[in-house]
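So this block is target38.txt, compact mmCIF, C-alpha atoms:
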```txt
# COMPACT_ATOMS: atom_id res chain seq x y z
CA MET A 139 0.00 0.00 0.00
CA ASP A 140 1.48 3.33 -1.10
CA VAL A 141 1.58 5.77 1.82
CA VAL A 142 1.87 8.91 -0.31
CA ASN A 143 -1.17 7.99 -2.39
CA LEU A 144 -3.14 7.16 0.75
CA ILE A 145 -2.27 10.53 2.30
CA ASN A 146 -3.28 12.32 -0.90
CA ASP A 147 -6.57 10.39 -0.99
CA ILE A 148 -7.35 11.34 2.60
CA LEU A 149 -6.57 15.01 1.97
CA ALA A 150 -8.74 14.96 -1.15
CA ASP A 151 -11.59 13.37 0.81
CA LEU A 152 -11.18 15.98 3.54
CA LYS A 153 -11.29 18.85 1.05
CA ALA A 154 -14.41 17.40 -0.61
CA ASN A 155 -16.11 16.73 2.77
CA ARG A 156 -16.09 12.99 2.08
CA LEU A 157 -13.85 12.02 5.00
CA LYS A 158 -15.78 10.51 7.90
CA LEU A 159 -15.05 12.55 11.02
CA PRO A 160 -16.07 11.65 14.59
CA THR A 161 -18.96 13.65 16.06
CA LEU A 162 -19.57 14.56 19.68
CA PRO A 163 -22.40 12.70 21.46
CA GLN A 164 -25.68 14.61 21.77
CA VAL A 165 -25.38 14.98 25.54
CA ALA A 166 -22.19 17.02 25.14
CA LEU A 167 -23.79 19.20 22.47
CA LYS A 168 -26.87 19.83 24.64
CA ILE A 169 -24.75 20.80 27.63
CA ASN A 170 -22.67 23.15 25.50
CA ASP A 171 -25.88 24.80 24.28
CA ILE A 172 -27.26 25.20 27.80
CA ILE A 173 -24.04 26.62 29.22
CA GLY A 174 -23.86 29.04 26.30
CA SER A 175 -27.35 30.38 27.02
CA PRO A 176 -28.00 33.30 29.42
CA ASP A 177 -30.47 31.31 31.53
CA ALA A 178 -28.20 28.34 32.25
CA THR A 179 -28.61 26.78 35.69
CA ALA A 180 -27.11 23.85 37.54
CA LYS A 181 -30.56 22.23 37.57
CA LYS A 182 -30.91 22.38 33.76
CA ILE A 183 -27.43 20.97 33.23
CA ALA A 184 -28.04 18.21 35.76
CA GLN A 185 -31.27 17.23 34.00
CA VAL A 186 -29.34 16.59 30.77
CA ILE A 187 -26.53 14.73 32.51
CA ASN A 188 -29.06 12.55 34.33
CA THR A 189 -30.26 11.16 30.98
CA ASP A 190 -26.98 9.22 30.89
CA ALA A 191 -26.62 6.99 33.96
CA ALA A 192 -22.93 6.27 33.43
CA LEU A 193 -22.12 9.95 32.94
CA SER A 194 -24.13 10.88 36.04
CA ALA A 195 -22.12 8.46 38.14
CA ARG A 196 -18.86 9.79 36.70
CA MET A 197 -19.76 13.42 37.47
CA ILE A 198 -20.50 12.59 41.11
CA GLN A 199 -17.27 10.60 41.25
CA VAL A 200 -15.25 13.55 39.92
CA ALA A 201 -16.97 16.02 42.26
CA ASN A 202 -15.90 13.85 45.19
CA SER A 203 -12.40 13.16 43.88
CA PRO A 204 -9.15 14.78 45.08
CA MET A 205 -9.21 16.85 41.87
CA MET A 206 -11.92 19.05 43.40
CA ARG A 207 -10.15 19.38 46.77
CA SER A 208 -13.28 19.36 48.89
CA GLY A 209 -13.82 17.51 52.15
CA SER A 210 -17.60 17.18 51.93
CA THR A 211 -19.39 14.58 49.80
CA VAL A 212 -21.98 15.34 47.12
CA GLU A 213 -24.63 12.73 46.39
CA ASN A 214 -26.43 14.03 43.30
CA VAL A 215 -25.55 15.51 39.92
CA GLN A 216 -26.96 18.96 40.60
CA ALA A 217 -24.77 19.30 43.68
CA ALA A 218 -21.81 18.06 41.62
CA VAL A 219 -22.47 20.70 38.95
CA THR A 220 -22.75 23.41 41.59
CA ARG A 221 -19.45 22.36 43.16
CA MET A 222 -17.50 22.19 39.90
CA GLY A 223 -18.95 25.19 38.08
CA MET A 224 -20.31 25.26 34.54
CA SER A 225 -17.03 25.67 32.67
CA VAL A 226 -15.42 22.75 34.50
CA VAL A 227 -18.55 20.64 33.99
CA ARG A 228 -18.50 21.27 30.25
CA ASN A 229 -14.87 20.18 29.98
CA ILE A 230 -15.30 17.14 32.23
CA VAL A 231 -18.45 16.00 30.40
CA THR A 232 -16.73 16.34 27.03
CA SER A 233 -13.70 14.45 28.33
CA PHE A 234 -15.78 11.48 29.44
CA LEU A 235 -17.97 11.38 26.34
CA VAL A 236 -15.03 11.48 23.94
CA ASN A 237 -14.27 7.96 25.20
CA GLN A 238 -17.45 6.76 23.45
CA LEU A 239 -15.78 7.49 20.11
CA PHE A 240 -12.97 5.01 20.74
CA HIS A 241 -14.70 1.79 19.72
CA SER A 242 -14.34 -0.65 16.85
CA LYS A 243 -15.51 -4.17 16.02
CA HIS A 244 -12.26 -4.94 14.20
CA GLU A 245 -9.83 -6.62 16.60
CA ALA A 246 -6.67 -4.92 15.32
CA LEU A 247 -8.35 -1.51 15.30
CA LYS A 248 -9.78 -2.13 18.76
CA LYS A 249 -6.25 -2.64 20.08
CA ARG A 250 -5.06 0.47 18.27
CA LEU A 251 -7.87 2.55 19.75
CA THR A 252 -7.01 1.28 23.24
CA VAL A 253 -3.39 2.36 22.80
CA VAL A 254 -4.43 5.81 21.55
CA TRP A 255 -6.96 6.29 24.34
CA ASN A 256 -4.62 5.17 27.12
CA HIS A 257 -1.91 7.50 25.80
CA SER A 258 -4.41 10.36 25.54
CA ALA A 259 -5.60 9.78 29.11
CA HIS A 260 -2.01 9.80 30.35
CA VAL A 261 -1.25 13.05 28.51
CA ALA A 262 -4.51 14.51 29.86
CA ALA A 263 -3.52 13.65 33.43
CA ILE A 264 -0.03 15.11 33.04
CA SER A 265 -1.53 18.23 31.43
CA HIS A 266 -3.85 18.65 34.41
CA VAL A 267 -0.95 18.38 36.85
CA LEU A 268 1.27 20.79 34.90
CA ALA A 269 -1.48 23.39 34.62
CA ASP A 270 -2.47 23.00 38.26
CA HIS A 271 0.99 23.14 39.81
CA PHE A 272 3.11 25.15 37.37
CA SER A 273 0.79 27.65 35.66
CA LYS A 274 -2.27 29.84 36.06
CA LEU A 275 -4.11 27.99 33.28
CA LYS A 276 -7.28 26.06 34.10
CA PRO A 277 -6.46 22.40 34.86
CA ASP A 278 -9.77 21.12 33.43
CA GLU A 279 -9.09 22.89 30.11
CA ALA A 280 -5.57 21.50 30.04
CA MET A 281 -6.90 18.01 30.74
CA LEU A 282 -9.39 18.23 27.88
CA ALA A 283 -6.71 19.55 25.53
CA GLY A 284 -4.46 16.65 26.47
CA LEU A 285 -7.27 14.16 26.04
CA VAL A 286 -8.08 15.24 22.47
CA HIS A 287 -4.56 16.04 21.30
CA ASP A 288 -4.50 12.85 19.18
CA ILE A 289 -8.17 12.91 18.13
CA GLY A 290 -6.93 13.29 14.55
CA LYS A 291 -5.99 9.61 14.58
CA LEU A 292 -9.65 8.59 14.62
CA PRO A 293 -10.45 9.34 10.93
CA MET A 294 -7.75 6.90 9.81
CA ILE A 295 -9.22 4.22 12.06
CA LEU A 296 -12.73 4.95 10.79
CA LYS A 297 -11.43 4.66 7.23
CA ALA A 298 -9.68 1.38 8.04
CA GLU A 299 -12.98 -0.12 9.24
CA ASN A 300 -13.86 -0.68 5.57
CA MET A 301 -10.32 -1.36 4.36
CA PRO A 302 -9.00 -4.67 5.78
CA GLU A 303 -5.70 -4.23 3.96
CA LEU A 304 -5.19 -0.99 5.90
CA ALA A 305 -6.58 -2.24 9.22
CA ASN A 306 -4.03 -5.06 9.20
CA ASN A 307 -1.12 -2.82 8.26
CA PRO A 308 -0.19 -0.85 11.41
CA ALA A 309 3.09 0.38 9.90
CA VAL A 310 1.22 2.23 7.16
CA MET A 311 -1.29 3.63 9.64
CA ASP A 312 1.57 4.87 11.82
CA GLN A 313 3.13 6.71 8.89
CA VAL A 314 -0.14 8.34 7.87
CA ASP A 315 -0.94 9.30 11.47
CA GLU A 316 2.48 10.90 11.88
CA LYS A 317 1.88 13.07 8.81
CA LEU A 318 -1.80 13.92 9.23
CA HIS A 319 -3.16 13.50 12.75
CA SER A 320 -2.47 17.05 13.90
CA ALA A 321 -4.09 18.61 10.83
CA LEU A 322 -7.08 16.26 10.97
CA GLY A 323 -7.43 16.85 14.70
CA LYS A 324 -7.59 20.59 14.10
CA VAL A 325 -10.49 20.13 11.67
CA ILE A 326 -12.34 17.85 14.11
CA VAL A 327 -12.17 20.14 17.15
CA GLN A 328 -13.02 23.16 15.01
CA THR A 329 -16.11 21.28 13.83
CA TRP A 330 -16.95 20.56 17.47
CA GLY A 331 -16.83 24.27 18.25
CA PHE A 332 -13.88 24.11 20.63
CA ALA A 333 -12.18 27.35 21.74
CA PRO A 334 -9.34 28.64 19.52
CA GLU A 335 -6.65 28.02 22.15
CA LEU A 336 -7.69 24.36 22.38
CA VAL A 337 -7.77 24.04 18.59
CA THR A 338 -4.21 25.36 18.49
CA ALA A 339 -3.11 22.84 21.11
CA VAL A 340 -4.41 19.98 18.95
CA ALA A 341 -2.88 21.41 15.78
CA GLU A 342 0.52 22.45 17.16
CA HIS A 343 1.37 20.09 20.02
CA GLU A 344 4.06 18.31 17.99
CA ASN A 345 5.70 21.55 16.84
CA LEU A 346 8.56 21.37 19.32
CA SER A 347 10.11 24.65 18.13
CA ARG A 348 6.90 26.65 18.63
CA ASP A 349 7.59 29.68 20.81
CA SER A 350 4.50 31.72 21.69
CA GLU A 351 4.66 34.98 23.60
CA LYS A 352 3.35 33.48 26.82
CA LEU A 353 2.56 30.07 28.28
CA ASP A 354 -0.58 28.54 26.79
CA LEU A 355 -2.44 25.24 26.45
CA THR A 356 -0.27 24.20 23.52
CA ASP A 357 2.86 24.46 25.67
CA ILE A 358 1.23 22.39 28.40
CA VAL A 359 0.18 19.63 25.99
CA THR A 360 3.54 19.69 24.18
CA VAL A 361 5.41 19.10 27.43
CA ALA A 362 2.86 16.57 28.69
CA ASN A 363 3.08 14.63 25.44
CA LEU A 364 6.88 14.53 25.62
CA LEU A 365 6.88 13.52 29.28
CA SER A 366 4.45 10.70 28.56
CA TYR A 367 7.26 9.07 26.57
CA ALA A 368 9.85 9.34 29.34
CA GLY A 369 11.58 5.99 29.66
CA LYS A 370 10.06 4.70 26.42
CA ALA A 371 11.40 4.27 22.90
CA HIS A 372 9.82 6.96 20.71
CA ARG A 373 10.89 9.38 17.98
CA HIS A 374 10.32 12.32 20.35
CA LYS A 375 13.09 10.96 22.59
CA GLN A 376 15.55 11.88 19.82
CA ALA A 377 14.79 15.59 20.23
CA ASN A 378 16.77 17.76 22.64
CA TRP A 379 14.07 18.55 25.18
CA ALA A 380 16.22 21.26 26.77
CA GLU A 381 15.79 23.29 23.57
CA VAL A 382 11.98 23.02 23.53
CA PRO A 383 10.60 26.52 24.39
CA ALA A 384 7.54 25.05 26.11
CA PHE A 385 9.71 23.71 28.95
CA ASN A 386 11.27 27.14 29.50
CA LYS A 387 7.87 28.83 29.72
CA LEU A 388 6.89 26.38 32.45
CA ASP A 389 10.16 27.30 34.16
CA LEU A 390 11.03 23.62 34.31
CA SER A 391 13.97 21.73 32.90
CA PRO A 392 13.21 18.31 31.40
CA GLU A 393 14.86 16.74 34.44
CA ASP A 394 12.80 18.85 36.86
CA SER A 395 9.66 17.96 34.92
CA ILE A 396 10.28 14.25 35.22
CA ALA A 397 10.96 14.67 38.95
CA ALA A 398 7.73 16.65 39.33
CA LEU A 399 5.78 13.88 37.63
CA GLU A 400 7.26 11.35 40.01
CA GLU A 401 6.06 13.46 42.94
CA ALA A 402 2.60 13.71 41.38
CA ARG A 403 2.45 10.02 40.48
CA ASP A 404 -0.60 9.28 42.66
CA GLU A 405 -2.48 12.33 41.36
CA ILE A 406 -1.77 11.35 37.76
CA ALA A 407 -2.84 7.77 38.41
CA GLU A 408 -6.11 8.98 39.94
CA ILE A 409 -6.95 11.10 36.88
CA VAL A 410 -6.03 8.31 34.47
CA LYS A 411 -8.26 5.95 36.44
CA LEU A 412 -11.18 8.41 36.24
CA LEU A 413 -10.78 8.70 32.48
CA THR A 414 -10.23 5.05 31.64
CA SER A 415 -12.28 3.05 34.15
```

Would you mind giving the structure from this file in structure tokens?
Amino acid sequence: MDVVNLINDILADLKANRLKLPTLPQVALKINDIIGSPDATAKKIAQVINTDAALSARMIQVANSPMMRSGSTVENVQAAVTRMGMSVVRNIVTSFLVNQLFHSKHEALKKRLTVVWNHSAHVAAISHVLADHFSKLKPDEAMLAGLVHDIGKLPMILKAENMPELANNPAVMDQVDEKLHSALGKVIVQTWGFAPELVTAVAEHENLSRDSEKLDLTDIVTVANLLSYAGKAHRHKQANWAEVPAFNKLDLSPEDSIAALEEARDEIAEIVKLLTS
């Protein structure tokens, strides 16, 4: 299978609106609409969340987790929404519902999706910790940015559902993903109506030389993505992390960053568990 031709075909399909892109579940869209309206209330948001039993349980779980740093326990969704605030709720809901997109009946693709999702959850957790402890950025926004940073890998998997010769050729899929996933991810999150700074994080997280004026979500996700490969064999390990501007803006050396992650190991594990369980 010719990789160049496949890439050109995908780009042509994208330009002609023929490429199948993942869509957000209706619950997420409804909540976004409510929060965007002037008469949004915790009760209205809770009513939508309560239509999804699994999501309802997750929201209460998050509200009572160490992430929220509260000693008291909430027992219903409305109380959870009130505790977290609407912006945090929107990001948390979207984070959990994105997981519904990572499913396939094809065994090889199912394994691939699991790898992508587990990596995304790890990057999301690291992003949350970096934003929380080393910046003034919102941890929930950083977590969502980390979670969807590789969302551009989904169109290739959706395409492979109907192409067995592609589904059973992971080397080709890896090459196409490396070339296209950031660009495809940008299109997806733009279609979902995500904020510009989050769109940029998806589009630019692998641009290791990017040097914005001030620390932003892209820097957080760039560093989190690199740190997720610490101790593993990966092409990003070949780069000189000390020369990556995103580390400097966090005021952390690569060595300090790895040490910080070790200190936050339990916190990271808790977030990963919330996202993947």

Show me a table, sorted first by chain and then by increasing residue number, of the residues of range 340-400 of chain A having an atom at most 12 Å from range 237-260 of chain A, each with its shortest atom pair and the distance in Å to one decimal, counting all atoms listed in the file and written as a tab-separated table.
```
residue	atom	partner	partner_atom	distance
A:Val340	CA	A:Ser258	CA	11.7
A:Val359	CA	A:Ser258	CA	10.4
A:Ala362	CA	A:His260	CA	8.5
A:Asn363	CA	A:His260	CA	8.6
A:Leu364	CA	A:His260	CA	11.1
A:Leu365	CA	A:His260	CA	9.7
A:Ser366	CA	A:His260	CA	6.8
A:Tyr367	CA	A:His257	CA	9.3
A:Ala368	CA	A:His260	CA	11.9
A:Leu399	CA	A:His260	CA	11.4
```

Nearest to Ile145 in chain A, chosen from A:Leu157, A:Ile326, A:Ala180, A:Val215, with only C-alpha atoms counted in the distances
A:Leu157

Of the listed residues A:His343, A:Lys276, A:Lys411, A:Arg207, that which approaches Gly323 in chain A most closely, counting only C-alpha atoms:
A:His343

Just want the 12 Å neighbourhood of Lys168 in chain A, counted on only C-alpha atoms, with same-chain residues fewer than 6 positions away dropped. Output as an MDAnalysis selection string.
chainID A and resid 162 174:175 178 182:187 189 228 231:232

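Within the 7 Å cut-off around range 281-290 of chain A, using all atoms listed in the file and omitting residues fewer than 5 positions from it on the same chain, the listed residues are Asn229, Ser233, Ser258, Ala259, Val261, Ala262, Ala263, Ser265, His266, His319, Ser320, Leu322, Gly323, Leu336, Ala339, Val340 and Val359 of chain A.
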
I want to know what sits within 9 Å of Phe385 in chain A, based on all atoms listed in the file, with residues of the same chain fewer than 3 positions away left out; could you give that as a list in words?
Asp357, Ile358, Thr360, Val361, Trp379, Ala380, Glu381, Val382, Leu388, Asp389, Leu390, Ser391, Pro392 and Ser395 of chain A

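Candidate residues A:Glu335, A:Glu316, A:Glu342, A:Glu351 were compared for distance to Asn386 in chain A, and the nearest is A:Glu351, using all atoms listed in the file.
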
Put the listed atoms of range 180-192 of chain A in a box along x, y and z with 3 Å added on every side and give me the centre and edge lengths in Å to one decimal, as AutoDock Vina command-line options.
```
--center_x -27.1 --center_y 15.1 --center_z 34.2 --size_x 14.3 --size_y 23.6 --size_z 12.8
```

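The smallest atom-to-atom distance between Asp349 in chain A and any of A:Gly369, A:Pro383, A:Pro308, A:Gly223, using only C-alpha atoms, is found for A:Pro383.
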